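Chemist: Contents of query_11.txt (compact mmCIF, C-alpha atoms and all ligand atoms) are given next:
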# COMPACT_ATOMS: atom_id res chain seq x y z
CA MET Z 1 191.49 82.04 150.98
CA LYS Z 2 193.42 82.84 154.17
CA LEU Z 3 197.16 82.21 154.48
CA GLU Z 4 196.62 79.53 157.15
CA ARG Z 5 194.54 77.64 154.67
CA CYS Z 6 197.42 77.52 152.19
CA HIS Z 7 199.10 74.13 152.46
CA SER Z 8 201.29 74.17 149.38
CA ILE Z 9 203.11 76.69 147.24
CA ALA Z 10 200.41 76.10 144.60
CA ASP Z 11 197.79 77.35 147.12
CA LEU Z 12 199.76 80.59 147.53
CA GLN Z 13 200.12 80.83 143.78
CA ARG Z 14 196.34 80.70 143.41
CA ILE Z 15 195.88 83.67 145.76
CA ALA Z 16 198.72 85.58 144.10
CA ARG Z 17 197.10 85.10 140.70
CA ARG Z 18 193.86 86.63 141.97
CA ARG Z 19 195.58 89.58 143.66
CA LEU Z 20 197.78 90.64 140.75
CA PRO Z 21 196.71 92.41 137.57
CA TRP Z 22 197.20 90.38 134.43
CA PRO Z 23 200.42 92.05 133.10
CA ILE Z 24 202.14 91.67 136.50
CA ARG Z 25 201.01 88.08 136.85
CA GLU Z 26 202.36 87.29 133.41
CA PHE Z 27 205.68 88.95 134.22
CA LEU Z 28 206.00 86.94 137.42
CA GLU Z 29 205.02 83.56 136.04
CA GLY Z 30 206.27 83.72 132.50
CA GLY Z 31 209.51 82.77 130.86
CA ALA Z 32 211.44 82.84 127.62
CA GLY Z 33 210.12 81.58 124.30
CA ARG Z 34 207.86 78.54 124.48
CA GLU Z 35 208.56 78.20 128.20
CA TRP Z 36 210.06 74.73 127.86
CA SER Z 37 212.78 75.69 130.34
CA ILE Z 38 210.19 76.55 133.02
CA HIS Z 39 208.24 73.37 132.33
CA ASN Z 40 211.37 71.26 132.45
CA ASN Z 41 212.71 72.86 135.66
CA VAL Z 42 209.67 71.68 137.58
CA ALA Z 43 209.26 68.35 135.79
CA ALA Z 44 212.96 67.47 136.30
CA PHE Z 45 212.48 67.09 140.06
CA SER Z 46 209.81 64.45 139.41
CA ARG Z 47 212.39 62.41 137.49
CA TRP Z 48 214.38 61.84 140.68
CA ALA Z 49 212.90 59.55 143.34
CA LEU Z 50 213.79 59.48 147.05
CA VAL Z 51 215.07 56.19 148.49
CA PRO Z 52 214.27 55.91 152.21
CA ARG Z 53 216.38 54.13 154.81
CA SER Z 54 214.58 52.54 157.76
CA LEU Z 55 215.36 52.25 161.49
CA ALA Z 56 217.55 55.33 161.35
CA ASP Z 57 216.48 57.02 164.64
CA VAL Z 58 215.44 60.38 163.29
CA GLY Z 59 214.14 61.68 166.62
CA GLU Z 60 216.59 64.58 166.62
CA ARG Z 61 216.75 66.46 163.37
CA ASP Z 62 219.22 69.07 162.20
CA LEU Z 63 218.37 71.20 159.17
CA SER Z 64 221.19 73.70 159.59
CA ALA Z 65 223.55 74.66 156.80
CA ARG Z 66 226.61 76.81 156.26
CA VAL Z 67 226.82 78.91 153.10
CA PHE Z 68 229.26 81.74 152.31
CA GLY Z 69 230.72 81.25 155.78
CA ARG Z 70 227.39 82.05 157.48
CA ASP Z 71 225.29 79.65 159.55
CA LEU Z 72 221.74 79.26 158.27
CA SER Z 73 218.87 77.59 160.10
CA TRP Z 74 218.15 75.64 156.89
CA PRO Z 75 219.58 75.49 153.39
CA VAL Z 76 216.72 77.21 151.53
CA MET Z 77 217.62 80.78 150.54
CA LEU Z 78 215.76 83.57 148.76
CA ALA Z 79 216.95 84.31 145.23
CA PRO Z 80 217.26 87.84 143.85
CA THR Z 81 214.14 89.01 142.00
CA GLY Z 82 213.96 92.54 140.63
CA MET Z 83 211.29 95.14 141.45
CA SER Z 84 209.46 93.21 144.17
CA ARG Z 85 207.18 96.19 144.87
CA LEU Z 86 205.25 94.96 141.84
CA TYR Z 87 203.87 92.15 144.01
CA HIS Z 88 203.31 93.97 147.31
CA GLY Z 89 203.89 97.53 148.50
CA HIS Z 90 206.58 96.43 150.98
CA GLY Z 91 208.48 94.54 148.28
CA GLU Z 92 212.05 93.57 149.08
CA LEU Z 93 211.77 94.88 152.65
CA ALA Z 94 209.03 92.34 153.44
CA VAL Z 95 211.00 89.50 151.88
CA ALA Z 96 214.24 90.43 153.63
CA ARG Z 97 212.47 90.62 157.00
CA ALA Z 98 210.90 87.20 156.47
CA ALA Z 99 214.28 85.72 155.51
CA THR Z 100 216.00 87.13 158.59
CA GLY Z 101 213.08 86.00 160.77
CA THR Z 102 213.51 82.42 159.59
CA GLY Z 103 217.31 82.41 159.84
CA THR Z 104 218.15 82.22 156.17
CA LEU Z 105 219.84 84.32 153.50
CA TYR Z 106 218.13 87.02 151.46
CA SER Z 107 219.48 88.15 148.08
CA LEU Z 108 218.82 91.67 146.90
CA GLY Z 109 218.99 92.26 143.15
CA THR Z 110 220.60 95.16 141.28
CA PHE Z 111 217.11 95.86 139.90
CA GLY Z 112 215.48 95.94 143.34
CA SER Z 113 212.80 98.50 144.12
CA PHE Z 114 214.44 99.36 147.47
CA THR Z 115 218.08 100.34 147.88
CA ILE Z 116 221.02 98.31 149.16
CA GLU Z 117 221.03 100.45 152.30
CA GLN Z 118 217.27 100.26 152.97
CA VAL Z 119 217.34 96.47 152.77
CA ALA Z 120 220.45 96.20 154.98
CA GLU Z 121 218.66 98.21 157.65
CA VAL Z 122 215.81 95.70 157.99
CA CYS Z 123 217.94 92.61 157.34
CA PRO Z 124 220.58 92.07 160.02
CA GLY Z 125 220.79 88.39 159.04
CA PRO Z 126 222.77 86.85 156.17
CA LYS Z 127 222.40 88.72 152.91
CA MET Z 128 223.84 88.65 149.43
CA PHE Z 129 223.86 91.33 146.76
CA GLN Z 130 223.25 90.23 143.16
CA LEU Z 131 225.13 92.22 140.55
CA TYR Z 132 224.23 92.76 136.93
CA ILE Z 133 226.59 94.64 134.75
CA ASN Z 134 223.45 95.28 132.68
CA GLY Z 135 222.59 98.84 133.52
CA GLY Z 136 226.05 100.14 132.67
CA LEU Z 137 229.35 98.75 133.89
CA GLU Z 138 230.59 101.80 135.75
CA ARG Z 139 227.27 102.31 137.46
CA SER Z 140 227.24 98.65 138.53
CA LEU Z 141 230.77 98.75 139.92
CA THR Z 142 229.84 101.48 142.38
CA LEU Z 143 227.11 99.14 143.71
CA ILE Z 144 229.82 96.75 144.89
CA ASP Z 145 231.30 99.39 147.17
CA ARG Z 146 227.85 100.25 148.50
CA ALA Z 147 227.06 96.59 149.25
CA LYS Z 148 230.40 96.24 151.05
CA ALA Z 149 229.80 99.35 153.13
CA ALA Z 150 226.28 98.14 154.01
CA GLY Z 151 227.58 94.81 155.36
CA TYR Z 152 226.42 92.28 152.76
CA ASP Z 153 227.99 88.85 153.27
CA ALA Z 154 228.38 87.78 149.67
CA LEU Z 155 228.21 89.03 146.09
CA CYS Z 156 226.82 87.07 143.19
CA LEU Z 157 227.31 88.05 139.59
CA THR Z 158 224.55 86.93 137.23
CA VAL Z 159 226.13 85.51 134.09
CA ASP Z 160 223.15 84.22 132.09
CA SER Z 161 221.76 87.51 130.82
CA ALA Z 162 223.82 88.73 127.86
CA ALA Z 163 220.68 89.65 125.91
CA ALA Z 164 217.12 90.68 126.67
CA PRO Z 165 214.89 87.59 126.77
CA ASN Z 166 212.08 86.94 124.34
CA LYS Z 167 209.20 86.83 126.81
CA LEU Z 168 206.06 86.51 124.75
CA ARG Z 169 203.69 87.12 127.66
CA ASP Z 170 205.32 90.49 128.34
CA LEU Z 171 205.28 91.42 124.67
CA ARG Z 172 201.54 90.70 124.57
CA SER Z 173 200.74 92.60 127.76
CA GLY Z 174 202.89 95.59 126.79
CA PHE Z 175 204.95 95.16 129.97
CA ASP Z 176 208.04 94.47 127.88
CA HIS Z 177 208.01 98.10 126.72
CA GLY Z 178 207.46 99.45 130.21
CA GLY Z 179 203.75 100.04 129.58
CA VAL Z 180 200.49 98.16 129.29
CA THR Z 181 197.93 97.52 126.57
CA PRO Z 182 194.31 98.73 127.02
CA ARG Z 183 193.42 95.22 128.17
CA GLY Z 184 196.24 95.37 130.73
CA LEU Z 185 195.00 98.72 131.94
CA LEU Z 186 191.49 97.31 132.42
CA SER Z 187 192.92 94.51 134.53
CA ILE Z 188 194.91 97.01 136.62
CA LEU Z 189 191.76 99.06 137.24
CA ALA Z 190 190.01 95.87 138.36
CA HIS Z 191 192.66 95.47 141.11
CA PRO Z 192 192.32 98.66 143.21
CA ARG Z 193 193.96 97.08 146.27
CA TRP Z 194 197.09 96.35 144.24
CA VAL Z 195 197.06 99.89 142.81
CA LEU Z 196 196.81 101.40 146.30
CA GLY Z 197 199.63 99.22 147.64
CA LEU Z 198 201.91 100.37 144.85
CA ALA Z 199 200.83 104.02 144.99
CA ARG Z 200 201.56 104.29 148.72
CA GLY Z 201 205.29 103.77 148.09
CA GLY Z 202 205.58 106.48 145.43
CA PRO Z 203 206.79 105.97 141.86
CA LEU Z 204 208.26 102.55 141.12
CA LYS Z 205 212.02 102.75 140.52
CA LEU Z 206 215.08 100.64 140.01
CA ALA Z 207 216.10 102.14 143.33
CA ASN Z 208 219.79 101.23 143.23
CA LEU Z 209 220.28 102.81 139.83
CA ASP Z 210 217.87 105.66 140.55
CA VAL Z 211 216.00 105.05 137.32
CA GLY Z 212 212.21 105.17 136.98
CA ALA Z 213 210.51 101.89 136.07
CA GLY Z 214 209.27 103.40 132.78
CA ASP Z 215 212.88 104.05 131.68
CA ALA Z 216 214.20 100.73 132.94
CA LYS Z 217 214.05 99.10 129.53
CA LYS Z 218 216.30 101.80 128.03
CA ILE Z 219 219.21 101.13 130.35
CA GLN Z 220 218.55 97.60 131.59
CA TRP Z 221 220.55 95.85 128.87
CA GLU Z 222 223.38 98.36 128.53
CA ASP Z 223 226.73 96.50 128.51
CA ALA Z 224 224.92 93.19 129.17
CA ASP Z 225 226.89 91.44 126.42
CA ARG Z 226 230.29 92.66 127.68
CA LEU Z 227 230.75 90.16 130.49
CA SER Z 228 233.91 88.02 130.32
CA TRP Z 229 236.02 85.95 132.72
CA ASP Z 230 238.42 88.83 132.91
CA LEU Z 231 235.70 91.24 133.97
CA ALA Z 232 234.13 88.72 136.38
CA LEU Z 233 237.46 88.32 138.17
CA ARG Z 234 237.95 92.09 138.32
CA ILE Z 235 234.54 92.33 139.96
CA ARG Z 236 235.48 89.54 142.37
CA ASP Z 237 238.71 91.35 143.29
CA ARG Z 238 236.95 94.66 143.83
CA TRP Z 239 234.43 92.91 146.13
CA GLY Z 240 237.06 90.94 148.06
CA GLY Z 241 234.61 88.65 149.93
CA PRO Z 242 232.63 85.46 149.21
CA PHE Z 243 231.84 85.56 145.50
CA ALA Z 244 229.43 83.45 143.42
CA LEU Z 245 228.59 83.16 139.74
CA LYS Z 246 224.83 82.79 139.21
CA GLY Z 247 223.50 81.19 136.07
CA ILE Z 248 226.15 78.55 135.41
CA LEU Z 249 224.90 75.33 133.78
CA SER Z 250 227.96 73.83 132.10
CA PRO Z 251 230.32 71.58 134.11
CA ALA Z 252 233.19 73.08 132.07
CA ASP Z 253 232.32 76.59 133.26
CA ALA Z 254 231.98 75.35 136.84
CA ALA Z 255 235.45 73.78 136.57
CA LEU Z 256 236.87 77.07 135.23
CA ALA Z 257 235.25 78.90 138.15
CA ALA Z 258 236.89 76.46 140.58
CA GLU Z 259 240.30 76.88 138.89
CA ARG Z 260 239.97 80.66 139.15
CA GLY Z 261 239.18 80.65 142.83
CA VAL Z 262 235.48 81.54 142.67
CA ASP Z 263 233.82 80.58 145.97
CA ALA Z 264 230.49 79.28 144.68
CA VAL Z 265 228.45 78.65 141.56
CA ILE Z 266 224.67 78.92 141.54
CA LEU Z 267 223.40 76.44 138.96
CA SER Z 268 220.44 78.23 137.47
CA ASN Z 269 218.61 78.90 134.24
CA HIS Z 270 217.07 82.02 135.81
CA GLY Z 271 213.82 80.17 136.42
CA GLY Z 272 213.46 79.74 132.64
CA ARG Z 273 213.19 83.50 132.17
CA GLN Z 274 216.22 84.17 129.97
CA MET Z 275 216.53 81.38 127.42
CA ASP Z 276 214.30 78.56 126.32
CA ALA Z 277 215.14 74.88 125.85
CA LEU Z 278 217.80 74.83 128.58
CA PRO Z 279 218.50 71.80 130.75
CA ALA Z 280 217.07 71.87 134.25
CA PRO Z 281 219.83 72.81 136.71
CA VAL Z 282 219.02 69.76 138.87
CA ASP Z 283 219.83 67.53 135.89
CA MET Z 284 223.24 69.21 135.49
CA LEU Z 285 224.01 68.96 139.19
CA PRO Z 286 225.71 65.52 139.29
CA ASP Z 287 228.07 66.41 136.42
CA VAL Z 288 228.89 69.81 137.92
CA VAL Z 289 229.60 68.31 141.34
CA ASP Z 290 231.86 65.70 139.71
CA ALA Z 291 233.69 68.47 137.81
CA VAL Z 292 234.43 70.67 140.82
CA GLY Z 293 234.65 68.26 143.78
CA ASP Z 294 234.87 70.31 146.94
CA ARG Z 295 236.85 73.16 145.38
CA LEU Z 296 233.78 75.40 145.52
CA GLU Z 297 230.23 75.43 146.89
CA VAL Z 298 227.57 74.30 144.46
CA LEU Z 299 224.20 75.96 144.98
CA ILE Z 300 221.13 75.64 142.80
CA ASP Z 301 217.81 77.25 141.86
CA SER Z 302 215.01 76.95 139.28
CA GLY Z 303 211.91 74.82 139.71
CA VAL Z 304 212.00 74.14 143.46
CA ARG Z 305 208.37 73.97 144.61
CA HIS Z 306 208.40 71.41 147.45
CA GLY Z 307 210.55 70.47 150.43
CA GLY Z 308 211.20 67.11 148.73
CA ASP Z 309 212.82 68.96 145.80
CA VAL Z 310 215.27 70.48 148.28
CA LEU Z 311 216.18 67.01 149.57
CA LYS Z 312 216.83 65.80 146.03
CA ALA Z 313 219.11 68.75 145.24
CA LEU Z 314 221.09 68.25 148.46
CA ALA Z 315 221.40 64.50 147.85
CA LEU Z 316 222.80 65.26 144.39
CA GLY Z 317 225.51 67.42 145.95
CA ALA Z 318 224.13 70.97 146.31
CA LYS Z 319 225.07 72.78 149.53
CA GLY Z 320 221.96 74.97 149.36
CA VAL Z 321 218.93 75.83 147.28
CA PHE Z 322 217.39 79.14 146.23
CA ILE Z 323 213.73 79.83 145.51
CA GLY Z 324 212.32 82.66 143.39
CA ARG Z 325 208.65 82.44 142.39
CA PRO Z 326 207.55 80.45 145.48
CA TYR Z 327 208.33 83.35 147.82
CA LEU Z 328 206.98 85.93 145.36
CA TYR Z 329 203.66 84.06 145.36
CA GLY Z 330 203.72 84.38 149.15
CA LEU Z 331 204.61 88.07 148.89
CA ALA Z 332 201.72 88.77 146.51
CA ALA Z 333 199.34 86.69 148.62
CA GLY Z 334 200.10 88.37 151.95
CA GLY Z 335 203.23 90.54 152.16
CA GLU Z 336 205.77 89.52 154.81
CA ALA Z 337 203.29 87.06 156.38
CA GLY Z 338 202.81 85.45 152.97
CA VAL Z 339 206.56 85.02 152.47
CA ARG Z 340 206.79 83.50 155.95
CA ARG Z 341 203.97 81.14 155.03
CA ALA Z 342 205.80 80.04 151.86
CA LEU Z 343 208.92 79.31 153.92
CA GLN Z 344 206.92 77.53 156.60
CA ILE Z 345 205.27 75.27 154.01
CA LEU Z 346 208.58 74.34 152.38
CA ARG Z 347 210.27 73.82 155.74
CA SER Z 348 207.59 71.52 157.09
CA GLU Z 349 207.59 69.51 153.84
CA LEU Z 350 211.37 69.27 154.06
CA GLU Z 351 211.41 68.22 157.69
CA ARG Z 352 208.69 65.63 157.18
CA ASP Z 353 210.41 64.16 154.13
CA MET Z 354 213.87 64.01 155.73
CA THR Z 355 212.33 62.20 158.70
CA LEU Z 356 210.60 59.68 156.46
CA LEU Z 357 213.75 59.34 154.38
CA GLY Z 358 215.74 58.38 157.49
CA VAL Z 359 218.13 61.36 157.30
CA PRO Z 360 218.45 63.12 160.68
CA ARG Z 361 221.16 65.61 159.58
CA LEU Z 362 220.50 67.34 156.29
CA ALA Z 363 224.15 68.22 155.82
CA GLN Z 364 224.96 64.50 155.75
CA ILE Z 365 222.48 63.42 153.08
CA GLU Z 366 224.13 61.21 150.48
CA ARG Z 367 223.76 60.49 146.80
CA SER Z 368 222.27 57.07 147.64
CA SER Z 369 219.11 58.86 148.88
CA VAL Z 370 218.01 59.50 145.28
CA ARG Z 371 217.72 57.49 142.11
CA PRO Z 372 216.49 58.36 138.61
CA ALA Z 373 212.78 57.74 138.10
CA PRO Z 374 210.72 57.53 134.90
CA PRO Z 375 208.80 60.69 133.95
CA LEU Z 376 205.46 60.99 135.73
CA PRO Z 377 202.34 61.50 133.66
CA VAL Z 378 201.35 64.44 135.88
CA PRO Z 379 200.03 67.84 134.84
CA THR Z 380 202.83 70.39 134.69
CA TRP Z 381 203.16 73.20 137.18
CA PRO Z 382 203.13 76.15 136.88
CA PRO Z 383 200.53 76.09 134.09
CA LEU Z 384 201.96 76.87 130.70
CA THR Z 385 198.88 78.52 129.28
CA THR Z 386 198.22 82.22 129.55
CA ASP Z 387 194.97 83.14 131.23
CA LEU Z 388 193.18 84.64 128.27
CA LEU Z 389 190.55 86.37 130.36
CA GLY Z 390 193.20 88.72 131.68
CA THR Z 391 191.41 89.54 134.93
C1 LIG W 401 209.99 88.01 138.84
C2 LIG W 401 211.41 87.53 138.83
C3 LIG W 401 212.44 88.45 138.75
C4 LIG W 401 213.78 88.03 138.75
N1 LIG W 401 214.78 88.96 138.74
C5 LIG W 401 216.07 88.54 138.80
C6 LIG W 401 217.13 89.48 138.87
O1 LIG W 401 216.90 90.70 138.88
N2 LIG W 401 218.40 89.00 138.90
C7 LIG W 401 218.69 87.66 138.88
O2 LIG W 401 219.85 87.27 138.93
N3 LIG W 401 217.70 86.75 138.85
C8 LIG W 401 216.41 87.15 138.80
N4 LIG W 401 215.41 86.23 138.78
C9 LIG W 401 215.74 84.79 138.80
C10 LIG W 401 215.81 84.27 140.23
O3 LIG W 401 216.91 84.79 140.92
C11 LIG W 401 215.92 82.74 140.25
O4 LIG W 401 217.02 82.36 139.47
C12 LIG W 401 214.67 82.04 139.73
O5 LIG W 401 213.50 82.71 140.14
C13 LIG W 401 214.63 80.62 140.26
O6 LIG W 401 213.59 79.89 139.68
P1 LIG W 401 212.15 79.69 140.34
O7 LIG W 401 211.40 80.97 140.14
O8 LIG W 401 211.61 78.54 139.57
O9 LIG W 401 212.37 79.39 141.81
C14 LIG W 401 214.07 86.64 138.79
C15 LIG W 401 213.03 85.72 138.89
C16 LIG W 401 211.71 86.15 138.90
C17 LIG W 401 210.61 85.13 139.03
Would you write out, as structure tokens, the structure that this file holds?
Modeler:
Amino acid sequence: MKLERCHSIADLQRIARRRLPWPIREFLEGGAGREWSIHNNVAAFSRWALVPRSLADVGERDLSARVFGRDLSWPVMLAPTGMSRLYHGHGELAVARAATGTGTLYSLGTFGSFTIEQVAEVCPGPKMFQLYINGGLERSLTLIDRAKAAGYDALCLTVDSAAAPNKLRDLRSGFDHGGVTPRGLLSILAHPRWVLGLARGGPLKLANLDVGAGDAKKIQWEDADRLSWDLALRIRDRWGGPFALKGILSPADAALAAERGVDAVILSNHGGRQMDALPAPVDMLPDVVDAVGDRLEVLIDSGVRHGGDVLKALALGAKGVFIGRPYLYGLAAGGEAGVRRALQILRSELERDMTLLGVPRLAQIERSSVRPAPPLPVPTWPPLTTDLLGT
């Protein structure tokens, strides 16, 4: 299927699934435990309905947003996702270029497969660096100085990853141990195009930490359980610019962040990848917004798959929305062009829905544009079952 024939994120997902070997596909799509968090993230958006207003003159539409003091052409941003070369040889560089090309913010992760400096070179637009202290505290602190020197606009500290997740799909495929099972190897051999794409870029590394992918597991969780408010504020002070905490779900934590002068919280359950049975961030949004008022920016990710989901999050008080898997499906399906296609699909869905909703300026959408709706008896997406054929 060609990219132009993809009309939804699910269409891109279908191509991505064909292009990726089984262990990589499982790593991308899977989550913690029984994957209830993933399921719920997506389903939660269906439990909010949009309430249109009529006769609103929506002939001139404005999708622009302002996040971390930067103007964006729309409020959908690209979340940090480690080791993007797993999905396409150009990895983070392709994603960062697509973000800049569409006037939005790209987030590079500590566990990226290209360095802070390489990404900054191709991404003159808004960019954020995501920090893990996992990987060793001292080593991580030096990354802050590098991100500052390379001109990143914001820093986010991920705070939902104190322990390695229990990802059953990765345990079964062997990916969890940095390897693959014989069945995984067979699937890799059946995807020569993927192998070539990866091989062209040389050995896969956690480029910022200069650690080979095979050794990643050994260092990836070092110091992960040492994060505290004290340390978070030290990190904020060392950075000195717009600073966000990523992975907040509790209104009490959001209120503490506001009291302590944090600039933004990213409500997130890590796309269901860290812990199971968590609430969907969109369901926590009203309480968090009530707890912090306008003392800090509330941003959100996890489960966004449609432009209408973006509208719902904004109506409930988010200033912006991040996507993870949707752009990775695009990346796997067609590199930079695939990421652009994912953004194009979401943007046209968003623009159509805001027009039909009677909201000409996205930044002015109000709470009255949504209301709770009963659960839909629809099939869940993404599918919860593992593809047992492994091809
Ligand atoms: C393959 C993959 C890798 C990720 N790696 C990171 C990471 O290194 N750091 C981080 O803070 N979040 C990471 N995330 C979480 C994303 O930043 C984001 O919270 C999540 O993908 C949003 O949910 P969604 O995939 O449903 O859009 C990763 C997500 C995926 C899918």
Chemist: For the point (211.7, 100.1, 131.3) in the file's frame, write as a count of residues only all residues with an atom no more than 10 Å away, counting all atoms listed in the file.
Modeler: 17
Chemist: May I have the residues within 6 Å of ligand LIG 401 (chain W), computed using all atoms listed in the file, as a list in words?
Modeler: Leu28, Ala79, Pro80, Thr81, Gly82, Gly109, Phe111, Thr158, Ser268, His270, Gly271, Asp301, Ser302, Gly303, Val304, Ile323, Gly324 and Arg325 of chain Z
Chemist: Report, in Å with one decimal, the straight-line distance from CA of Thr110 (chain Z) to CA of Arg169 (chain Z).
Modeler: 23.2 Å
Chemist: At what distance in Å, to one decimal, does CA of Arg260 (chain Z) lie from CA of Gly125 (chain Z)?
Modeler: 28.7 Å
Chemist: For Thr104 (chain Z), which residue out of Z:Ala65, Z:Val195, Z:Ala150, Z:Ala332 is the nearest one, using all atoms listed in the file?
Modeler: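 Using all atoms listed in the file, the shortest distance to Thr104 (chain Z) belongs to Z:Ala65.
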